[in-house]
$ cat work23.cif   # mmCIF, C-alpha atoms and all ligand atoms
data_input
#
loop_
_atom_site.label_atom_id
_atom_site.label_comp_id
_atom_site.auth_asym_id
_atom_site.auth_seq_id
_atom_site.Cartn_x
_atom_site.Cartn_y
_atom_site.Cartn_z
CA MET S 1 27.80 20.97 -22.82
CA LEU S 2 31.03 19.26 -21.90
CA LYS S 3 30.57 20.29 -18.28
CA LYS S 4 27.11 18.86 -18.23
CA LEU S 5 28.33 15.59 -19.64
CA ALA S 6 31.07 15.41 -16.99
CA ALA S 7 28.47 16.00 -14.31
CA LEU S 8 26.34 13.18 -15.69
CA VAL S 9 29.30 10.80 -15.74
CA PHE S 10 30.02 11.72 -12.15
CA ILE S 11 26.44 11.10 -11.08
CA THR S 12 26.39 7.70 -12.80
CA THR S 13 29.64 6.66 -11.14
CA ALA S 14 28.53 7.94 -7.77
CA CYS S 15 25.23 6.07 -8.07
CA ALA S 16 26.82 2.83 -9.20
CA SER S 17 29.21 2.82 -6.30
CA SER S 18 26.42 3.46 -3.83
CA TYR S 19 24.39 0.40 -4.73
CA ASP S 20 23.43 -1.08 -1.39
CA PRO S 21 22.82 -4.84 -1.30
CA GLN S 22 21.40 -4.62 2.21
CA ALA S 23 18.76 -2.12 1.12
CA MET S 24 17.83 -4.50 -1.69
CA ASN S 25 17.56 -7.45 0.70
CA HIS S 26 15.41 -5.35 2.98
CA ALA S 27 13.15 -4.43 0.05
CA ALA S 28 12.93 -8.13 -0.85
CA GLU S 29 11.75 -8.96 2.67
CA SER S 30 9.11 -6.22 2.51
CA TYR S 31 7.95 -7.62 -0.83
CA VAL S 32 7.52 -11.12 0.65
CA LYS S 33 5.43 -9.70 3.50
CA LEU S 34 3.23 -7.72 1.09
CA VAL S 35 2.62 -10.86 -1.00
CA LEU S 36 1.77 -12.85 2.14
CA ALA S 37 -0.58 -10.08 3.25
CA MET S 38 -2.35 -10.18 -0.12
CA GLY S 39 -2.72 -13.94 0.30
CA GLU S 40 -4.87 -13.28 3.36
CA HIS S 41 -7.42 -11.49 1.13
CA ASP S 42 -7.11 -13.56 -2.05
CA ALA S 43 -7.14 -17.34 -1.49
CA ASP S 44 -5.42 -18.25 -4.80
CA TYR S 45 -2.74 -15.57 -4.58
CA VAL S 46 0.10 -17.30 -2.71
CA ASP S 47 0.96 -20.38 -4.71
CA ALA S 48 3.97 -21.33 -2.58
CA TYR S 49 5.79 -20.01 0.46
CA TYR S 50 8.72 -21.59 2.24
CA GLY S 51 10.38 -18.57 3.84
CA PRO S 52 10.48 -17.90 7.61
CA PRO S 53 7.17 -19.11 9.13
CA GLU S 54 7.24 -16.23 11.64
CA TRP S 55 6.80 -13.70 8.81
CA ARG S 56 3.51 -15.35 7.91
CA ALA S 57 2.50 -15.44 11.58
CA GLN S 58 3.28 -11.70 11.92
CA ILE S 59 1.20 -10.89 8.84
CA ARG S 60 -1.69 -13.03 10.07
CA ALA S 61 -1.61 -11.23 13.40
CA LYS S 62 -1.63 -7.77 11.76
CA LYS S 63 -3.77 -8.59 8.69
CA PRO S 64 -3.11 -5.36 6.75
CA SER S 65 -6.07 -4.06 4.72
CA LEU S 66 -6.08 -4.02 0.91
CA ASP S 67 -5.52 -0.25 1.01
CA GLU S 68 -2.51 -0.68 3.29
CA ILE S 69 -1.08 -3.40 1.02
CA ARG S 70 -1.57 -1.19 -2.01
CA ALA S 71 0.08 1.82 -0.37
CA GLY S 72 2.95 -0.39 0.85
CA ALA S 73 3.51 -1.83 -2.63
CA VAL S 74 3.49 1.62 -4.28
CA ALA S 75 5.96 2.98 -1.69
CA LEU S 76 8.26 -0.03 -2.05
CA HIS S 77 8.13 0.27 -5.84
CA ASP S 78 9.13 3.95 -5.58
CA GLU S 79 11.95 3.02 -3.23
CA LEU S 80 13.27 0.42 -5.68
CA MET S 81 13.04 2.86 -8.58
CA ALA S 82 15.01 5.43 -6.56
CA MET S 83 17.78 2.93 -5.85
CA PRO S 84 20.84 3.23 -8.08
CA ALA S 85 20.85 0.77 -10.96
CA PRO S 86 23.22 -2.12 -10.23
CA ARG S 87 25.88 -2.77 -12.87
CA ASP S 88 25.89 -6.51 -12.34
CA HIS S 89 23.49 -8.17 -14.79
CA MET S 90 21.88 -10.51 -12.25
CA LEU S 91 21.41 -7.69 -9.72
CA ALA S 92 19.83 -5.52 -12.41
CA LEU S 93 17.46 -8.37 -13.29
CA ARG S 94 16.64 -8.70 -9.59
CA ARG S 95 15.67 -5.06 -9.22
CA ALA S 96 13.62 -5.00 -12.44
CA TYR S 97 11.87 -8.23 -11.44
CA LEU S 98 10.92 -7.01 -7.95
CA SER S 99 9.61 -3.69 -9.32
CA ARG S 100 7.48 -5.36 -11.96
CA GLN S 101 6.12 -7.98 -9.54
CA LEU S 102 5.04 -5.10 -7.27
CA GLU S 103 3.24 -3.36 -10.15
CA ALA S 104 1.33 -6.59 -10.72
CA LEU S 105 0.49 -6.78 -7.02
CA VAL S 106 -1.01 -3.28 -7.18
CA ALA S 107 -3.08 -4.30 -10.23
CA ARG S 108 -4.33 -7.42 -8.44
CA VAL S 109 -5.34 -5.39 -5.37
CA ASP S 110 -7.35 -3.08 -7.64
CA ILE S 111 -9.08 -6.06 -9.31
CA VAL S 112 -9.94 -7.68 -5.96
CA LYS S 113 -11.32 -4.30 -4.86
CA GLY S 114 -13.63 -4.34 -7.89
CA LYS S 115 -11.77 -2.40 -10.59
CA LYS S 116 -12.83 -3.60 -14.05
CA LEU S 117 -10.00 -4.00 -16.54
CA LYS S 118 -10.35 -5.24 -20.09
CA PHE S 119 -8.85 -8.70 -20.63
CA ASP S 120 -5.79 -7.34 -22.48
CA GLU S 121 -5.25 -4.54 -19.95
CA GLU S 122 -5.38 -7.08 -17.15
CA SER S 123 -2.94 -9.51 -18.80
CA LYS S 124 -0.54 -6.65 -19.53
CA ALA S 125 -0.75 -5.34 -15.94
CA ILE S 126 -0.43 -8.72 -14.26
CA TYR S 127 1.49 -10.98 -16.68
CA ASP S 128 3.47 -8.36 -18.63
CA ALA S 129 2.10 -9.70 -21.93
CA VAL S 130 -0.86 -9.46 -24.32
CA ALA S 131 -2.12 -12.42 -26.34
CA PRO S 132 -2.66 -11.95 -30.09
CA HIS S 133 -6.21 -11.54 -31.42
CA ASN S 134 -7.48 -14.10 -33.92
CA SER S 135 -10.70 -14.20 -35.92
CA GLU S 136 -13.21 -17.05 -36.27
CA ALA S 137 -12.04 -17.41 -39.88
CA TYR S 138 -8.49 -18.17 -38.67
CA PHE S 139 -9.67 -21.01 -36.45
CA GLU S 140 -12.06 -22.28 -39.13
CA THR S 141 -9.10 -22.72 -41.52
CA LEU S 142 -7.27 -24.74 -38.86
CA THR S 143 -10.28 -26.94 -38.10
CA LYS S 144 -10.65 -27.70 -41.83
CA GLU S 145 -7.17 -29.23 -41.80
CA LEU S 146 -8.24 -31.43 -38.93
CA ASP S 147 -11.43 -32.33 -40.78
CA ARG S 148 -9.33 -33.85 -43.57
CA GLU S 149 -7.16 -35.90 -41.18
CA LEU S 150 -9.86 -37.32 -38.93
CA PRO S 151 -11.39 -40.67 -39.87
CA GLY S 152 -15.19 -41.05 -40.34
CA LYS S 153 -18.02 -38.71 -41.27
CA GLY S 154 -20.09 -36.17 -39.29
CA PRO S 155 -19.31 -33.13 -37.13
CA ILE S 156 -15.59 -32.74 -36.32
CA ILE S 157 -16.07 -32.61 -32.55
CA GLU S 158 -17.94 -35.94 -32.55
CA ARG S 159 -15.34 -37.61 -34.78
CA LEU S 160 -12.51 -36.23 -32.66
CA ASP S 161 -14.20 -37.51 -29.50
CA ALA S 162 -14.77 -40.95 -31.06
CA PHE S 163 -11.16 -41.10 -32.29
CA ARG S 164 -9.73 -40.10 -28.92
CA LYS S 165 -11.84 -42.62 -26.97
CA ASP S 166 -9.33 -45.34 -27.89
CA PHE S 167 -6.58 -43.37 -26.16
CA ILE S 168 -8.06 -42.99 -22.69
CA ILE S 169 -5.82 -44.34 -19.91
CA PRO S 170 -7.92 -46.85 -17.89
CA LYS S 171 -8.31 -45.51 -14.32
CA GLU S 172 -6.63 -48.53 -12.73
CA LYS S 173 -3.54 -48.04 -14.95
CA LEU S 174 -3.26 -44.31 -14.38
CA ASP S 175 -0.72 -44.40 -11.56
CA ASP S 176 1.60 -46.87 -13.36
CA VAL S 177 1.46 -44.84 -16.58
CA PHE S 178 2.03 -41.58 -14.75
CA LYS S 179 4.99 -42.99 -12.80
CA ALA S 180 6.60 -44.26 -16.03
CA ALA S 181 6.03 -40.87 -17.66
CA ILE S 182 7.66 -39.05 -14.73
CA GLU S 183 10.63 -41.40 -14.84
CA GLY S 184 11.02 -40.74 -18.58
CA CYS S 185 10.85 -36.96 -18.13
CA ARG S 186 13.17 -37.04 -15.12
CA SER S 187 15.89 -39.15 -16.75
CA ARG S 188 15.85 -36.97 -19.89
CA THR S 189 16.11 -33.83 -17.75
CA LEU S 190 18.98 -35.25 -15.67
CA GLN S 191 21.00 -35.92 -18.82
CA HIS S 192 21.19 -32.16 -19.36
CA MET S 193 20.64 -30.44 -16.02
CA THR S 194 22.05 -30.71 -12.53
CA LEU S 195 19.27 -30.80 -9.96
CA PRO S 196 19.72 -30.21 -6.22
CA PRO S 197 20.46 -33.44 -4.34
CA GLY S 198 17.45 -34.92 -2.57
CA GLU S 199 14.86 -33.25 -4.82
CA SER S 200 11.62 -35.23 -4.81
CA PHE S 201 7.86 -35.04 -5.19
CA ARG S 202 4.76 -37.03 -4.42
CA VAL S 203 1.66 -37.50 -6.52
CA GLU S 204 -1.96 -37.33 -5.35
CA TYR S 205 -5.13 -37.96 -7.34
CA VAL S 206 -7.92 -35.47 -6.62
CA THR S 207 -11.38 -34.52 -7.94
CA ASN S 208 -13.66 -31.51 -8.24
CA LYS S 209 -11.06 -28.95 -9.39
CA SER S 210 -11.10 -26.42 -12.23
CA TRP S 211 -7.56 -27.46 -13.32
CA SER S 212 -6.25 -30.80 -14.61
CA GLY S 213 -2.96 -30.83 -12.67
CA TYR S 214 -1.23 -28.67 -10.06
CA ASN S 215 2.23 -28.51 -8.56
CA TRP S 216 2.31 -27.30 -4.95
CA TYR S 217 5.94 -26.52 -4.20
CA GLN S 218 6.74 -27.18 -0.54
CA GLY S 219 10.33 -25.86 -0.37
CA ASN S 220 13.41 -27.92 0.41
CA PHE S 221 13.30 -29.22 -3.21
CA VAL S 222 10.02 -31.08 -2.60
CA SER S 223 6.81 -30.81 -4.65
CA LEU S 224 3.32 -32.18 -4.25
CA ILE S 225 1.82 -32.89 -7.66
CA GLN S 226 -1.99 -33.24 -7.80
CA VAL S 227 -3.71 -34.82 -10.79
CA ASN S 228 -7.43 -34.18 -11.29
CA THR S 229 -9.33 -37.32 -12.35
CA ASP S 230 -12.76 -35.69 -12.88
CA LEU S 231 -12.56 -36.23 -16.65
CA PRO S 232 -11.04 -39.03 -18.75
CA ILE S 233 -7.26 -38.73 -19.01
CA TYR S 234 -5.90 -39.35 -22.49
CA ILE S 235 -2.50 -40.91 -23.09
CA ASP S 236 -0.83 -37.62 -24.14
CA ARG S 237 -1.67 -36.09 -20.74
CA ALA S 238 0.78 -38.43 -18.99
CA ILE S 239 3.84 -36.80 -20.57
CA ASP S 240 2.16 -33.39 -20.55
CA LEU S 241 1.58 -33.55 -16.81
CA ALA S 242 4.85 -35.30 -15.94
CA CYS S 243 6.97 -32.75 -17.85
CA HIS S 244 4.80 -29.72 -17.06
CA GLU S 245 4.32 -30.30 -13.33
CA GLY S 246 7.59 -32.18 -12.82
CA TYR S 247 10.63 -32.41 -15.09
CA PRO S 248 11.77 -30.01 -16.51
CA GLY S 249 8.64 -28.00 -15.58
CA HIS S 250 7.38 -26.53 -12.30
CA HIS S 251 9.21 -28.86 -9.91
CA VAL S 252 12.54 -28.18 -11.62
CA TYR S 253 11.85 -24.43 -11.96
CA ASN S 254 11.01 -24.06 -8.26
CA SER S 255 13.93 -26.25 -7.18
CA LEU S 256 16.41 -24.27 -9.32
CA LEU S 257 15.11 -20.94 -8.01
CA GLU S 258 15.48 -22.22 -4.45
CA LYS S 259 18.97 -23.61 -5.06
CA ASN S 260 20.46 -20.79 -7.15
CA LEU S 261 18.69 -17.69 -5.87
CA VAL S 262 17.41 -18.39 -2.35
CA ARG S 263 20.17 -20.62 -0.97
CA ASP S 264 23.23 -19.52 -2.96
CA ARG S 265 22.44 -15.80 -3.09
CA GLY S 266 20.06 -15.30 -0.14
CA TRP S 267 17.36 -13.73 -2.35
CA VAL S 268 14.43 -14.22 -0.06
CA GLU S 269 11.81 -12.92 -2.54
CA PHE S 270 11.88 -16.28 -4.29
CA THR S 271 10.57 -18.10 -1.21
CA VAL S 272 7.16 -16.76 -2.16
CA TYR S 273 5.34 -17.24 -5.43
CA PRO S 274 2.41 -14.89 -6.15
CA LEU S 275 0.26 -16.66 -8.70
CA PHE S 276 -1.17 -13.52 -10.30
CA SER S 277 2.15 -12.04 -11.39
CA PRO S 278 4.60 -12.01 -14.34
CA GLN S 279 6.39 -14.97 -12.75
CA SER S 280 3.44 -17.15 -13.79
CA LEU S 281 4.00 -16.52 -17.49
CA ILE S 282 7.60 -17.68 -17.12
CA ALA S 283 6.49 -20.66 -14.98
CA GLU S 284 3.68 -21.90 -17.26
CA GLY S 285 5.49 -21.04 -20.47
CA SER S 286 8.65 -22.88 -19.45
CA ALA S 287 6.65 -25.84 -18.10
CA ASN S 288 4.87 -26.20 -21.46
CA TYR S 289 7.96 -25.62 -23.58
CA GLY S 290 9.76 -28.10 -21.32
CA ILE S 291 7.69 -30.88 -22.91
CA ASP S 292 9.19 -30.07 -26.34
CA ILE S 293 12.67 -29.72 -24.88
CA ALA S 294 12.51 -33.15 -23.23
CA PHE S 295 10.84 -34.82 -26.21
CA PRO S 296 11.72 -32.89 -29.38
CA GLY S 297 9.82 -33.57 -32.61
CA ALA S 298 8.92 -37.18 -33.32
CA GLU S 299 10.78 -38.46 -30.24
CA ARG S 300 7.71 -38.09 -28.09
CA ALA S 301 5.41 -40.35 -30.12
CA ALA S 302 8.21 -42.91 -30.53
CA TRP S 303 8.97 -42.97 -26.78
CA GLU S 304 5.35 -43.19 -25.73
CA LYS S 305 4.71 -45.97 -28.23
CA THR S 306 7.39 -48.11 -26.57
CA HIS S 307 7.10 -47.00 -22.95
CA LEU S 308 3.56 -45.83 -22.20
CA PHE S 309 1.11 -47.41 -24.65
CA PRO S 310 1.92 -50.98 -23.45
CA ILE S 311 1.50 -50.04 -19.75
CA ALA S 312 -1.82 -48.38 -20.53
CA GLY S 313 -2.87 -51.38 -22.66
CA LEU S 314 -3.42 -49.16 -25.74
CA ASP S 315 -2.76 -50.01 -29.40
CA PRO S 316 0.69 -48.53 -30.20
CA SER S 317 0.22 -48.82 -33.98
CA ARG S 318 -1.97 -45.69 -33.90
CA ALA S 319 0.40 -43.54 -31.84
CA THR S 320 1.78 -41.62 -34.85
CA LEU S 321 -1.69 -40.68 -36.14
CA TYR S 322 -2.73 -39.73 -32.61
CA TYR S 323 0.13 -37.26 -32.35
CA ARG S 324 -0.55 -35.80 -35.81
CA ILE S 325 -4.10 -35.08 -34.67
CA GLN S 326 -2.78 -33.70 -31.35
CA ASP S 327 -0.43 -31.31 -33.17
CA LEU S 328 -3.30 -29.95 -35.22
CA THR S 329 -5.60 -29.49 -32.20
CA SER S 330 -2.85 -27.77 -30.20
CA LYS S 331 -2.74 -25.02 -32.87
CA LEU S 332 -6.28 -24.19 -31.75
CA SER S 333 -5.15 -23.26 -28.24
CA TYR S 334 -5.40 -19.53 -29.01
CA ALA S 335 -9.14 -20.01 -29.49
CA GLY S 336 -9.20 -20.59 -25.72
CA ASN S 337 -7.72 -17.13 -25.12
CA GLU S 338 -10.28 -15.66 -27.48
CA ALA S 339 -13.14 -17.32 -25.56
CA ALA S 340 -11.74 -16.02 -22.24
CA ARG S 341 -11.25 -12.50 -23.65
CA ARG S 342 -14.78 -12.25 -25.02
CA TYR S 343 -16.30 -13.82 -21.90
CA LEU S 344 -14.42 -11.65 -19.37
CA ASP S 345 -14.99 -8.54 -21.48
CA GLY S 346 -18.73 -9.25 -21.20
CA GLU S 347 -19.30 -9.87 -24.92
CA ILE S 348 -20.51 -13.45 -24.39
CA ASN S 349 -21.90 -15.40 -21.40
CA ALA S 350 -20.58 -18.61 -19.79
CA ALA S 351 -22.66 -20.93 -21.99
CA GLN S 352 -21.49 -19.10 -25.15
CA ALA S 353 -17.87 -19.28 -23.94
CA ALA S 354 -18.23 -23.07 -23.54
CA GLU S 355 -19.78 -23.28 -27.02
CA TRP S 356 -16.91 -21.24 -28.47
CA LEU S 357 -14.39 -23.59 -26.85
CA THR S 358 -16.17 -26.59 -28.34
CA LYS S 359 -16.46 -25.04 -31.78
CA TYR S 360 -13.04 -23.46 -32.20
CA SER S 361 -10.77 -25.23 -29.66
CA LEU S 362 -12.55 -28.55 -30.31
CA THR S 363 -12.75 -29.07 -26.56
CA SER S 364 -15.28 -31.73 -25.50
CA PRO S 365 -18.43 -30.16 -23.96
CA ALA S 366 -17.52 -31.56 -20.48
CA ARG S 367 -13.99 -30.16 -20.60
CA ALA S 368 -15.28 -26.85 -22.02
CA LYS S 369 -17.41 -26.45 -18.85
CA GLN S 370 -14.34 -27.20 -16.70
CA ARG S 371 -12.37 -24.60 -18.65
CA VAL S 372 -15.02 -21.92 -18.16
CA LYS S 373 -14.79 -22.64 -14.41
CA PHE S 374 -11.02 -22.17 -14.73
CA ILE S 375 -11.53 -18.82 -16.54
CA ASP S 376 -13.91 -17.71 -13.77
CA GLN S 377 -11.31 -18.51 -11.12
CA TYR S 378 -8.06 -17.49 -12.82
CA ARG S 379 -9.21 -14.98 -15.47
CA SER S 380 -6.51 -13.81 -17.95
CA TYR S 381 -4.07 -16.36 -16.44
CA VAL S 382 -5.04 -18.54 -19.43
CA ILE S 383 -2.58 -16.70 -21.71
CA ASN S 384 0.38 -17.97 -19.66
CA TYR S 385 0.12 -21.48 -21.08
CA ASN S 386 0.14 -20.95 -24.83
CA LEU S 387 1.51 -17.41 -25.23
CA GLY S 388 3.98 -18.21 -22.43
CA LYS S 389 5.12 -21.33 -24.25
CA ASP S 390 5.54 -19.46 -27.55
CA LEU S 391 7.50 -16.62 -25.89
CA VAL S 392 9.79 -19.05 -24.04
CA ARG S 393 10.32 -21.11 -27.21
CA GLN S 394 11.19 -18.00 -29.25
CA TYR S 395 13.58 -16.84 -26.53
CA VAL S 396 15.37 -20.18 -26.24
CA GLU S 397 15.58 -20.70 -29.99
CA ARG S 398 16.80 -17.17 -30.62
CA HIS S 399 19.64 -17.71 -28.16
CA ALA S 400 20.39 -21.36 -28.88
CA GLY S 401 19.24 -22.09 -32.44
CA THR S 402 18.34 -25.73 -32.96
CA ASN S 403 21.32 -27.19 -31.09
CA ASP S 404 19.77 -29.46 -28.45
CA GLU S 405 22.50 -29.06 -25.84
CA LYS S 406 22.54 -25.27 -26.18
CA ARG S 407 18.75 -25.17 -25.88
CA TRP S 408 18.95 -27.02 -22.54
CA ARG S 409 21.62 -24.56 -21.34
CA VAL S 410 19.61 -21.44 -22.24
CA PHE S 411 16.50 -23.06 -20.75
CA ALA S 412 18.30 -23.92 -17.47
CA ASP S 413 19.64 -20.36 -17.26
CA LEU S 414 16.12 -18.97 -17.74
CA LEU S 415 14.86 -21.17 -14.88
CA SER S 416 17.67 -19.99 -12.60
CA SER S 417 17.36 -16.21 -12.95
CA PRO S 418 14.76 -13.50 -12.32
CA ARG S 419 13.21 -12.94 -15.74
CA LEU S 420 10.18 -11.01 -16.90
CA PRO S 421 7.97 -11.85 -19.87
CA SER S 422 9.06 -8.62 -21.60
CA ASP S 423 12.70 -9.81 -21.23
CA LEU S 424 11.88 -12.80 -23.43
CA SER S 425 11.84 -10.69 -26.60
CA LYS S 426 15.39 -9.45 -25.86
ZN ZN L 1 1.33 -25.19 -14.63
#
$ encode --input "work23.cif" --output "structure tokens" --more "lines below"
Ligand SMILES: [Zn+2]
Amino acid sequence: MLKKLAALVFITTACASSYDPQAMNHAAESYVKLVLAMGEHDADYVDAYYGPPEWRAQIRAKKPSLDEIRAGAVALHDELMAMPAPRDHMLALRRAYLSRQLEALVARVDIVKGKKLKFDEESKAIYDAVAPHNSEAYFETLTKELDRELPGKGPIIERLDAFRKDFIIPKEKLDDVFKAAIEGCRSRTLQHMTLPPGESFRVEYVTNKSWSGYNWYQGNFVSLIQVNTDLPIYIDRAIDLACHEGYPGHHVYNSLLEKNLVRDRGWVEFTVYPLFSPQSLIAEGSANYGIDIAFPGAERAAWEKTHLFPIAGLDPSRATLYYRIQDLTSKLSYAGNEAARRYLDGEINAAQAAEWLTKYSLTSPARAKQRVKFIDQYRSYVINYNLGKDLVRQYVERHAGTNDEKRWRVFADLLSSPRLPSDLSK
């Protein structure tokens, strides 16, 4: 027994000392090429890439098949698993992250090839998380609360629509309001975080998309933020989009990964961002929780009342009520996951999914149609927004309590390291 133990200690020591950073860097390069190869088969797969352009050119010239990509990902995963575990915490996170991202790549290849997974199986395989199940009765209780708060009589959805009409940003004011919102989010973020010098973004207004906003990270600390103007944009969306897409959301997340991991450590795997992977839960969850970090509690309504309502030409005296109603409707976000789960699992059709969204998420019929289009395109990705936000919030609050400064520190650390959704419960 003692002998055996000694042997085990020896093996552990031998392994730890043989950790090979070059082998890991080589594996990282192979991972980037596999992700780029998958992007050639799956148009939405590569969300950002700013690594060596010749790697992409090589992949485009070879165009590996889905079977070759799958076999390459499985082999690389095995290679990583066979590597000795690094003792350094960041290096251990790196290895675990790469392995799990590769597992998600294999799952995505299978889906693109036609494999049918249940909604929860898919979200577990690709995003490393499963959204809770809620009944109709649960959402009905929440909508009753809203029923009491909303002025007027008649069906809730109609009263909510009528109430919200007064909070639409006029199209000609949209850019001014959005710029002011970005400035507010940026200055609050800069009070607590150091961003790479020269970071910047530009904003474009687009139409005919299934999403309401998108950050296309270009590398070199630059983002392109697109805002979809197909549907009316309500006043709360200005801060939502500015924080989520910009500060301290996607733009900050991508810039910090580039600064801390790609440039400072030479971790090339972060020059590519595969959309259908665990990284997306961290990205969307932190972008959504970032709104609460930048504007905790009642600060948001107070700030918007002074800074955004006047630019938009809206009545600031109703800002507080507007945000009380918003808080109640946001609790219904899990009804969106439920609609997507039932729809993708074949229990309901597209029209019924839109109806469900209207009834239980209180989404306007026009936006419900847009959201079903989103579910068609991105599938179980929908869990990343609300479950992602809740998981990131629980993680930050567990490590930082309610101390504002500590929360920013834990948040910044999360955005600067390779983390997996399953790490968030640790
Ligand atoms: Zn996002």
$ closest_residue --input "work23.cif" --among "S:Glu245, S:Asp20, S:Asp110, S:Glu29" --to "ligand ZN 1 (chain L)" --atoms "only C-alpha atoms and all ligand atoms"
S:Glu245
$ residues_near_ligand --input "work23.cif" --ligand "ligand ZN 1 (chain L)" --cutoff "9 Å" --atoms "only C-alpha atoms and all ligand atoms" --output "list in words"
Gly213, Tyr214, Asn215, Leu241, His244, Glu245, Gly249, His250, Ser280, Ala283, Glu284, Gly285, Ala287, Asn288, Asn384 and Tyr385 of chain S
$ closest_residue --input "work23.cif" --among "S:Glu183, S:Asp128, S:Asp413, S:Glu347" --to "Leu256 of chain S" --atoms "all atoms listed in the file"
S:Asp413
$ atom_distance --input "work23.cif" --atom1 "atom CA of Arg324 of chain S" --atom2 "atom CA of Ala354 of chain S"
25.0 Å
$ residues_around --input "work23.cif" --residues "Glu122 of chain S" --least-positions-apart "3" --cutoff "12 Å" --atoms "only C-alpha atoms" --output "MDAnalysis selection string"
chainID S and resid 103:111 115:119 125:131 276:278 341 344:345 378:383
$ atom_distance --input "work23.cif" --atom1 "atom CA of Leu332 of chain S" --atom2 "atom CA of Glu136 of chain S"
10.9 Å
$ residues_near_point --input "work23.cif" --point "(16.5, -19.1, -1.0)" --cutoff "12 Å" --atoms "all atoms listed in the file" --output "number ranges by chain"
S: 25, 28-29, 49-52, 219-221, 254-272, 416
$ closest_residue --input "work23.cif" --among "S:Asp292, S:Glu54, S:Asp230, S:Glu355" --to "Pro248 of chain S" --atoms "only C-alpha atoms"
S:Asp292
$ residues_around --input "work23.cif" --residues "Lys165 of chain S" --least-positions-apart "4" --cutoff "12 Å" --atoms "all atoms listed in the file" --output "MDAnalysis selection string"
chainID S and resid 158:161 169:170 232:235 314:315 322 364
$ write_last_selection --input "work23.cif" --atoms "C-alpha atoms" --output "PDB file, keeping the file's coordinate frame"
ATOM      1  CA  GLU S 158     -17.940 -35.940 -32.550  1.00  0.00           C
ATOM      2  CA  ARG S 159     -15.340 -37.610 -34.780  1.00  0.00           C
ATOM      3  CA  LEU S 160     -12.510 -36.230 -32.660  1.00  0.00           C
ATOM      4  CA  ASP S 161     -14.200 -37.510 -29.500  1.00  0.00           C
ATOM      5  CA  ILE S 169      -5.820 -44.340 -19.910  1.00  0.00           C
ATOM      6  CA  PRO S 170      -7.920 -46.850 -17.890  1.00  0.00           C
ATOM      7  CA  PRO S 232     -11.040 -39.030 -18.750  1.00  0.00           C
ATOM      8  CA  ILE S 233      -7.260 -38.730 -19.010  1.00  0.00           C
ATOM      9  CA  TYR S 234      -5.900 -39.350 -22.490  1.00  0.00           C
ATOM     10  CA  ILE S 235      -2.500 -40.910 -23.090  1.00  0.00           C
ATOM     11  CA  LEU S 314      -3.420 -49.160 -25.740  1.00  0.00           C
ATOM     12  CA  ASP S 315      -2.760 -50.010 -29.400  1.00  0.00           C
ATOM     13  CA  TYR S 322      -2.730 -39.730 -32.610  1.00  0.00           C
ATOM     14  CA  SER S 364     -15.280 -31.730 -25.500  1.00  0.00           C
TER      15      SER S 364
END
$ axis_aligned_box --input "work23.cif" --around "segment 39-55 of chain S" --padding-each-side "5 Å" --output "lines of an AutoDock Vina configuration file"
center_x = 1.5
center_y = -16.5
center_z = 3.4
size_x = 27.9
size_y = 20.1
size_z = 26.4
$ residues_around --input "work23.cif" --residues "Asp88 of chain S" --least-positions-apart "3" --cutoff "12 Å" --atoms "all atoms listed in the file" --output "list in words"
Ala16, Ser17, Tyr19, Pro21, Pro84, Ala85, Leu91, Ala92, Leu93, Arg94 and Arg95 of chain S
$ write_last_selection --input "work23.cif" --atoms "C-alpha atoms" --output "short mmCIF file (atom, residue, chain, number, x, y, z; two decimals), keeping the file's coordinate frame"
data_model
loop_
_atom_site.label_atom_id
_atom_site.label_comp_id
_atom_site.auth_asym_id
_atom_site.auth_seq_id
_atom_site.Cartn_x
_atom_site.Cartn_y
_atom_site.Cartn_z
CA ALA S 16 26.82 2.83 -9.20
CA SER S 17 29.21 2.82 -6.30
CA TYR S 19 24.39 0.40 -4.73
CA PRO S 21 22.82 -4.84 -1.30
CA PRO S 84 20.84 3.23 -8.08
CA ALA S 85 20.85 0.77 -10.96
CA LEU S 91 21.41 -7.69 -9.72
CA ALA S 92 19.83 -5.52 -12.41
CA LEU S 93 17.46 -8.37 -13.29
CA ARG S 94 16.64 -8.70 -9.59
CA ARG S 95 15.67 -5.06 -9.22
#
$ atom_distance --input "work23.cif" --atom1 "atom CA of Trp408 of chain S" --atom2 "atom CA of Ile293 of chain S"
7.2 Å
$ closest_residue --input "work23.cif" --among "S:Thr320, S:Thr358, S:Thr143, S:Gln370" --to "Thr306 of chain S" --atoms "only C-alpha atoms"
S:Thr320
$ closest_residue --input "work23.cif" --among "S:Lys406, S:Lys33, S:Lys113, S:Arg70" --to "Gln58 of chain S" --atoms "only C-alpha atoms"
S:Lys33
